[in-house]
Amino acid sequence: MHGVLNKDELKLSVLKTAWPIILSELVDSMYSIADTYFVSRLGTNAVAAVGAGSYLSWLMMSFPSLFMVGVLVMVAQYSGAGDLDSARRVVGETLLYGSIAMCAVAVAAFIAAPHMVLLLVSSENMELLNEAVEYFRVRVIGLPLMAVALIMDSAIRAVKATKYSMIVTSSSALANTALDPALIYGLFNLPPLGVRGAALATVLSEALMIPMEVLFISRLKLAPVIELHSFRAVNVFKVGLPAFLERLVMSTGNNAYVAFIARCGAKAMAAHQIGLRIESFIYMPGFAFSVVASSYVGERIGAGEFRNGKAVGLEVAKLATATMFFLGIVAAALSKILVKPFSIDQEVLELASLYLVLAGLSEAGLALAMSFSGALRGAGNTVVPLVVSAIGLYLFRVMPTSILTKFIGVLGAWISMFIDVYLRGAMLYAIYVKYFDKLAVKWSEKHAH
């Protein structure tokens with residue numbers, strides 16, 4: 001038992017746990033930053049193609065979340081209850097079933113790639129269409145490998161061994177940055193692969209994560225144990241299903257959102273890709289605080305400390321909001337300088353700068369949404385974040401975008417994004433404060449048998 005909550009000690013503990021994740025998430029942003037930077041030398045269509053392919057790749061990343069979130073919550077709660085043996089069995093079964101499922105998803109996505117890309121990119125620009133298909137197909141080949149790595153990483157983060165996670169992510173991102181120019185331009189006598197090279201660099205660097213994850217998960221005494229007759233994997237799926245649906249709903253909505261942006265032209269799409277990639281240095285820390293909120297709240301709920309669990313979530317949200325608000329203001333103020341290395345087209349640069357201003361000023365709302373979603377998942381409730389995210393994305397973002405882009409172009413999409421994140425953050429805050437005790441579920445006890 002953790003006893004009475006000391007907020008000062010908690011803040012220090014949260015920051016100690018969060019900073020390796022923040023650093024690893026920032027380094028992780030180098031994947032897309034490196035892709036965008038090196039591909040920008042191939043022209044505006046290439047940047048737009050990587051943007052379209054990346055959005056579809058994020059859609060595919062919804063599927064691993066079915067396993068990742070469940071593992072994070074279940075391992076955190078079993079750890080809080082002092083039952084590492086059950087945690088190991090959760091990891092083992094999830095790796096088995098998750099890898100099989102991801103192979104099937106990858107094959108289906110590879111076959112359907114041309115049809116999926118056509119939902120985002122107009123057939124009038126065949127160069128953009130073909131390059132987006134090439135990029136996306138290479139990315140989905142690596143989906144099973146990424147899923148295996150992320151399942152193990154979720155277990156590592158669940159027990160707050162975030163420095164290990166940082167080492168893995170940083171090593172992978174550095175490998176991607178080194179591989180990008182070699183594969184895109186054909187250095188060291190390699191064939192120049194263009195946008196396919198950017199995708200292949202990402203897949204190869206993701207594969208490097210697996211042996212490191214195996215080493216660290218063994219050190220933490222969480223080495224996977226497979227017990228096929230156990231129902232623990234079923235519980236992982238139950239916990240993860242709403243989170244998977246949330247990611248799927250969010251990714252589908254984001255793809256609909258970016259389809260309206262793509263129809264504003266290749267320059268608008270390229271500017272969105274550049275701005276989004278730079279913004280990732282701001283919102284990636286939000287993912288870190290979301291993971292920390294899940295881990296800390298889940299641990300308290302697993303130990304039966306519901307009141308302290310609620311307080312922990314509130315403190316993490318405060319830290320997340322302060323951090324992302326500061327970073328957002330800096331990005332907005334320096335927007336023209338930050339976008340300059342990514343294009344020689346002045347119109348693209350002006351649009352990307354405008355995106356960064358609106359995105360930077362919206363980060364406080366995004367921090368609220370991400371941290372309270374993570375806290376609720378850690379408490380064992382993954383349905384509420386799903387519902388709120390769906391309402392926010394489709395009602396506050398996609399629908400206004402479909403109207404505003406007809407009158408003010410891509411600016412309408414970015415204004416809708418700004419409104420969405422603040423309304424979503426306010427809704428989750430209100431729900432968390434008022435209904436936390438009714439929403440929290442101790443899964444490790446409820447489904448012990």
# chains A, B, ... in the order shown; residues from 1 in each chain; ligands from 1
$ select_by_dssp --residues "region 168-337 of chain A" --states "alpha helix (DSSP H)" --output "compact mmCIF listing (two decimals) with C-alpha atoms, in the first residue's frame"
# COMPACT_ATOMS: atom_id res chain seq x y z
CA VAL A 168 15.30 0.94 -27.32
CA THR A 169 13.44 3.80 -29.00
CA SER A 170 16.52 6.01 -29.24
CA SER A 171 18.63 3.27 -30.80
CA SER A 172 15.92 2.50 -33.33
CA ALA A 173 15.43 6.15 -34.28
CA LEU A 174 19.14 6.71 -34.73
CA ALA A 175 19.32 3.66 -36.98
CA ASN A 176 16.44 5.04 -39.06
CA THR A 177 18.17 8.40 -39.44
CA ALA A 178 21.34 6.67 -40.67
CA LEU A 179 19.48 4.34 -43.05
CA ASP A 180 17.25 7.02 -44.60
CA PRO A 181 19.78 8.78 -46.86
CA ALA A 182 21.48 5.51 -47.77
CA LEU A 183 18.26 3.87 -48.95
CA ILE A 184 16.48 6.95 -50.35
CA TYR A 185 19.39 8.28 -52.43
CA VAL A 195 10.06 6.99 -50.94
CA ARG A 196 10.30 3.20 -50.67
CA GLY A 197 13.72 3.69 -49.12
CA ALA A 198 12.24 5.91 -46.43
CA ALA A 199 9.68 3.23 -45.59
CA LEU A 200 12.25 0.43 -45.64
CA ALA A 201 14.54 2.38 -43.31
CA THR A 202 11.67 2.63 -40.83
CA VAL A 203 10.87 -1.09 -41.02
CA LEU A 204 14.51 -2.16 -40.57
CA SER A 205 15.01 0.17 -37.61
CA GLU A 206 11.82 -1.15 -35.99
CA ALA A 207 13.09 -4.71 -36.35
CA MET A 209 13.95 -3.04 -31.36
CA ILE A 210 13.02 -6.68 -30.81
CA PRO A 211 16.32 -8.16 -29.51
CA MET A 212 16.77 -5.20 -27.16
CA GLU A 213 13.21 -5.56 -25.85
CA VAL A 214 13.82 -9.27 -25.20
CA LEU A 215 16.94 -8.47 -23.18
CA PHE A 216 15.29 -5.79 -21.02
CA ILE A 217 12.04 -7.63 -20.41
CA SER A 218 14.08 -10.60 -19.13
CA ARG A 219 16.03 -8.34 -16.76
CA ARG A 232 -5.53 -13.89 -19.14
CA ALA A 233 -5.13 -13.12 -22.84
CA VAL A 234 -8.90 -12.87 -23.11
CA ASN A 235 -8.85 -10.25 -20.38
CA VAL A 236 -6.12 -8.38 -22.27
CA PHE A 237 -8.38 -8.29 -25.31
CA LYS A 238 -11.33 -7.14 -23.21
CA VAL A 239 -9.32 -4.28 -21.76
CA GLY A 240 -7.72 -3.46 -25.10
CA LEU A 241 -10.80 -3.71 -27.34
CA PRO A 242 -12.22 -0.27 -26.53
CA ALA A 243 -8.75 1.23 -26.88
CA PHE A 244 -8.35 -0.54 -30.23
CA LEU A 245 -11.73 0.76 -31.34
CA GLU A 246 -10.70 4.22 -30.16
CA ARG A 247 -7.49 4.10 -32.20
CA LEU A 248 -9.37 2.67 -35.19
CA VAL A 249 -12.11 5.28 -34.96
CA MET A 250 -9.51 8.03 -34.45
CA SER A 251 -7.29 6.84 -37.31
CA THR A 252 -10.24 6.43 -39.65
CA GLY A 253 -11.45 9.91 -38.75
CA ASN A 254 -7.95 11.34 -39.16
CA ASN A 255 -7.72 9.76 -42.58
CA ALA A 256 -11.05 11.33 -43.51
CA TYR A 257 -9.73 14.62 -42.13
CA VAL A 258 -6.51 14.43 -44.16
CA ALA A 259 -8.47 13.44 -47.28
CA PHE A 260 -10.09 16.89 -47.23
CA ILE A 261 -6.62 18.43 -46.79
CA ALA A 262 -5.23 16.38 -49.71
CA ALA A 266 -0.27 18.72 -53.08
CA LYS A 267 1.17 21.89 -51.56
CA ALA A 268 -1.42 21.92 -48.77
CA MET A 269 -0.75 18.24 -48.09
CA ALA A 270 3.01 18.76 -48.05
CA ALA A 271 2.65 21.74 -45.68
CA HIS A 272 0.43 19.68 -43.36
CA GLN A 273 2.99 16.86 -43.34
CA ILE A 274 5.85 19.26 -42.54
CA GLY A 275 3.93 21.06 -39.80
CA LEU A 276 2.68 17.82 -38.27
CA ARG A 277 6.15 16.30 -38.18
CA ILE A 278 7.58 19.34 -36.40
CA GLU A 279 4.59 19.40 -34.03
CA SER A 280 5.33 15.79 -33.11
CA PHE A 281 8.15 17.11 -30.92
CA ILE A 282 5.40 18.75 -28.84
CA TYR A 283 2.63 16.17 -28.79
CA MET A 284 4.90 13.13 -28.38
CA PRO A 285 5.53 14.15 -24.73
CA GLY A 286 1.75 14.02 -24.40
CA PHE A 287 1.87 10.32 -25.26
CA ALA A 288 4.53 9.93 -22.58
CA PHE A 289 2.34 11.53 -19.92
CA SER A 290 -0.58 9.40 -21.10
CA VAL A 291 1.49 6.23 -20.57
CA VAL A 292 2.67 7.46 -17.16
CA ALA A 293 -0.91 8.24 -16.15
CA SER A 294 -1.99 4.71 -17.15
CA SER A 295 0.90 3.12 -15.28
CA TYR A 296 0.57 5.14 -12.05
CA VAL A 297 -3.22 5.06 -11.88
CA GLY A 298 -3.28 1.35 -12.79
CA GLU A 299 -0.77 0.57 -10.04
CA ARG A 300 -2.87 2.40 -7.42
CA ILE A 301 -6.08 0.73 -8.56
CA GLY A 302 -4.33 -2.66 -8.50
CA PHE A 306 -8.98 4.26 -5.65
CA ARG A 307 -8.81 7.71 -4.03
CA ASN A 308 -5.06 8.01 -4.52
CA GLY A 309 -5.46 6.70 -8.06
CA LYS A 310 -7.75 9.61 -8.93
CA ALA A 311 -5.38 12.15 -7.38
CA VAL A 312 -2.42 10.71 -9.28
CA GLY A 313 -4.24 11.19 -12.58
CA LEU A 314 -4.96 14.84 -11.78
CA GLU A 315 -1.33 15.56 -10.91
CA VAL A 316 -0.05 13.94 -14.10
CA ALA A 317 -2.54 16.01 -16.12
CA LYS A 318 -1.25 19.23 -14.53
CA LEU A 319 2.33 18.40 -15.44
CA ALA A 320 1.37 17.39 -18.97
CA THR A 321 -0.61 20.59 -19.59
CA ALA A 322 2.15 22.87 -18.30
CA THR A 323 4.80 21.09 -20.37
CA MET A 324 2.88 21.02 -23.64
CA PHE A 325 1.56 24.59 -23.25
CA PHE A 326 5.13 25.88 -22.94
CA LEU A 327 6.39 23.84 -25.89
CA GLY A 328 3.41 24.90 -28.00
CA ILE A 329 4.05 28.60 -27.40
CA VAL A 330 7.70 28.16 -28.39
CA ALA A 331 6.75 26.33 -31.59
CA ALA A 332 4.20 28.99 -32.54
CA ALA A 333 6.71 31.79 -31.97
CA SER A 335 7.22 28.62 -36.69
CA LYS A 336 8.83 30.37 -39.69
CA ILE A 337 12.31 29.29 -38.62
$ residues_around --residues "region 91-103 of chain A" --least-positions-apart "5" --cutoff "9 Å" --atoms "only C-alpha atoms" --output "ChimeraX atom specification"
/A:63-64,66-68,71,75,86,108,141,143-145,147-148,151-152,155,222-228,230,232-233,236-237
$ atom_distance --atom1 "CA of Tyr135 (chain A)" --atom2 "CA of Ser154 (chain A)"
26.9 Å
$ atom_distance --atom1 "CA of Glu134 (chain A)" --atom2 "CA of Ala49 (chain A)"
9.1 Å
$ closest_residue --among "A:Leu376, A:Val69, A:Leu15, A:Val398" --to "Val441 (chain A)" --atoms "only C-alpha atoms"
A:Leu376
$ residues_around --residues "Val121 (chain A)" --least-positions-apart "4" --cutoff "8 Å" --atoms "only C-alpha atoms" --output "VMD selection string"
chain A and resid 52 117 125 128 to 129 259 262 to 263
$ closest_residue --among "A:Leu428, A:Ile415, A:Leu26, A:Val410" --to "Ser373 (chain A)" --atoms "only C-alpha atoms"
A:Leu428
$ atom_distance --atom1 "CA of Ser343 (chain A)" --atom2 "CA of Glu124 (chain A)"
23.1 Å
$ closest_residue --among "A:Ala48, A:Leu187, A:Val90, A:Gly194" --to "Ser122 (chain A)" --atoms "only C-alpha atoms"
A:Ala48
$ closest_residue --among "A:Cys264, A:Pro191, A:Arg377, A:Leu354" --to "Ala76 (chain A)" --atoms "only C-alpha atoms"
A:Arg377
$ closest_residue --among "A:Leu84, A:Met61, A:Ile167, A:Ser123" --to "Gly142 (chain A)" --atoms "only C-alpha atoms"
A:Met61
$ decode --residues "region 202-283 of chain A" --atoms "C-alpha atoms" --output "mmCIF file, in the first residue's frame"
data_model
loop_
_atom_site.group_PDB
_atom_site.id
_atom_site.type_symbol
_atom_site.label_atom_id
_atom_site.label_comp_id
_atom_site.auth_asym_id
_atom_site.auth_seq_id
_atom_site.Cartn_x
_atom_site.Cartn_y
_atom_site.Cartn_z
ATOM 1 C CA THR A 202 11.670 2.633 -40.830
ATOM 2 C CA VAL A 203 10.871 -1.094 -41.021
ATOM 3 C CA LEU A 204 14.507 -2.163 -40.566
ATOM 4 C CA SER A 205 15.009 0.174 -37.614
ATOM 5 C CA GLU A 206 11.818 -1.146 -35.995
ATOM 6 C CA ALA A 207 13.094 -4.715 -36.354
ATOM 7 C CA LEU A 208 16.196 -3.724 -34.355
ATOM 8 C CA MET A 209 13.951 -3.039 -31.359
ATOM 9 C CA ILE A 210 13.020 -6.683 -30.805
ATOM 10 C CA PRO A 211 16.321 -8.156 -29.512
ATOM 11 C CA MET A 212 16.766 -5.197 -27.158
ATOM 12 C CA GLU A 213 13.211 -5.557 -25.846
ATOM 13 C CA VAL A 214 13.820 -9.269 -25.196
ATOM 14 C CA LEU A 215 16.937 -8.467 -23.176
ATOM 15 C CA PHE A 216 15.293 -5.791 -21.023
ATOM 16 C CA ILE A 217 12.037 -7.633 -20.405
ATOM 17 C CA SER A 218 14.084 -10.596 -19.133
ATOM 18 C CA ARG A 219 16.033 -8.341 -16.761
ATOM 19 C CA LEU A 220 12.747 -7.151 -15.275
ATOM 20 C CA LYS A 221 11.676 -10.753 -14.573
ATOM 21 C CA LEU A 222 8.846 -10.381 -17.070
ATOM 22 C CA ALA A 223 10.134 -13.001 -19.524
ATOM 23 C CA PRO A 224 7.059 -14.259 -21.432
ATOM 24 C CA VAL A 225 5.371 -17.479 -20.293
ATOM 25 C CA ILE A 226 2.777 -19.058 -22.572
ATOM 26 C CA GLU A 227 -0.092 -20.892 -20.892
ATOM 27 C CA LEU A 228 -2.643 -21.601 -23.600
ATOM 28 C CA HIS A 229 -5.458 -22.708 -21.306
ATOM 29 C CA SER A 230 -5.361 -19.436 -19.345
ATOM 30 C CA PHE A 231 -7.984 -16.722 -19.782
ATOM 31 C CA ARG A 232 -5.531 -13.891 -19.142
ATOM 32 C CA ALA A 233 -5.131 -13.122 -22.837
ATOM 33 C CA VAL A 234 -8.904 -12.874 -23.111
ATOM 34 C CA ASN A 235 -8.850 -10.245 -20.380
ATOM 35 C CA VAL A 236 -6.115 -8.378 -22.271
ATOM 36 C CA PHE A 237 -8.377 -8.289 -25.307
ATOM 37 C CA LYS A 238 -11.334 -7.143 -23.211
ATOM 38 C CA VAL A 239 -9.320 -4.280 -21.762
ATOM 39 C CA GLY A 240 -7.724 -3.457 -25.102
ATOM 40 C CA LEU A 241 -10.804 -3.715 -27.339
ATOM 41 C CA PRO A 242 -12.221 -0.268 -26.534
ATOM 42 C CA ALA A 243 -8.747 1.234 -26.879
ATOM 43 C CA PHE A 244 -8.348 -0.537 -30.229
ATOM 44 C CA LEU A 245 -11.733 0.763 -31.339
ATOM 45 C CA GLU A 246 -10.704 4.223 -30.164
ATOM 46 C CA ARG A 247 -7.492 4.098 -32.197
ATOM 47 C CA LEU A 248 -9.369 2.667 -35.187
ATOM 48 C CA VAL A 249 -12.107 5.283 -34.964
ATOM 49 C CA MET A 250 -9.514 8.031 -34.455
ATOM 50 C CA SER A 251 -7.288 6.842 -37.306
ATOM 51 C CA THR A 252 -10.241 6.435 -39.650
ATOM 52 C CA GLY A 253 -11.448 9.913 -38.746
ATOM 53 C CA ASN A 254 -7.951 11.345 -39.155
ATOM 54 C CA ASN A 255 -7.715 9.756 -42.578
ATOM 55 C CA ALA A 256 -11.053 11.325 -43.512
ATOM 56 C CA TYR A 257 -9.731 14.617 -42.132
ATOM 57 C CA VAL A 258 -6.512 14.426 -44.161
ATOM 58 C CA ALA A 259 -8.466 13.441 -47.284
ATOM 59 C CA PHE A 260 -10.086 16.893 -47.230
ATOM 60 C CA ILE A 261 -6.618 18.426 -46.792
ATOM 61 C CA ALA A 262 -5.230 16.384 -49.707
ATOM 62 C CA ARG A 263 -8.011 17.691 -51.914
ATOM 63 C CA CYS A 264 -6.760 21.207 -51.230
ATOM 64 C CA GLY A 265 -3.717 20.296 -53.340
ATOM 65 C CA ALA A 266 -0.271 18.723 -53.083
ATOM 66 C CA LYS A 267 1.172 21.894 -51.558
ATOM 67 C CA ALA A 268 -1.424 21.921 -48.774
ATOM 68 C CA MET A 269 -0.753 18.236 -48.085
ATOM 69 C CA ALA A 270 3.012 18.761 -48.050
ATOM 70 C CA ALA A 271 2.646 21.745 -45.680
ATOM 71 C CA HIS A 272 0.430 19.680 -43.362
ATOM 72 C CA GLN A 273 2.991 16.864 -43.343
ATOM 73 C CA ILE A 274 5.853 19.261 -42.543
ATOM 74 C CA GLY A 275 3.927 21.059 -39.799
ATOM 75 C CA LEU A 276 2.681 17.818 -38.269
ATOM 76 C CA ARG A 277 6.146 16.304 -38.176
ATOM 77 C CA ILE A 278 7.578 19.338 -36.400
ATOM 78 C CA GLU A 279 4.589 19.395 -34.030
ATOM 79 C CA SER A 280 5.329 15.791 -33.105
ATOM 80 C CA PHE A 281 8.153 17.109 -30.920
ATOM 81 C CA ILE A 282 5.404 18.752 -28.844
ATOM 82 C CA TYR A 283 2.625 16.168 -28.786
#
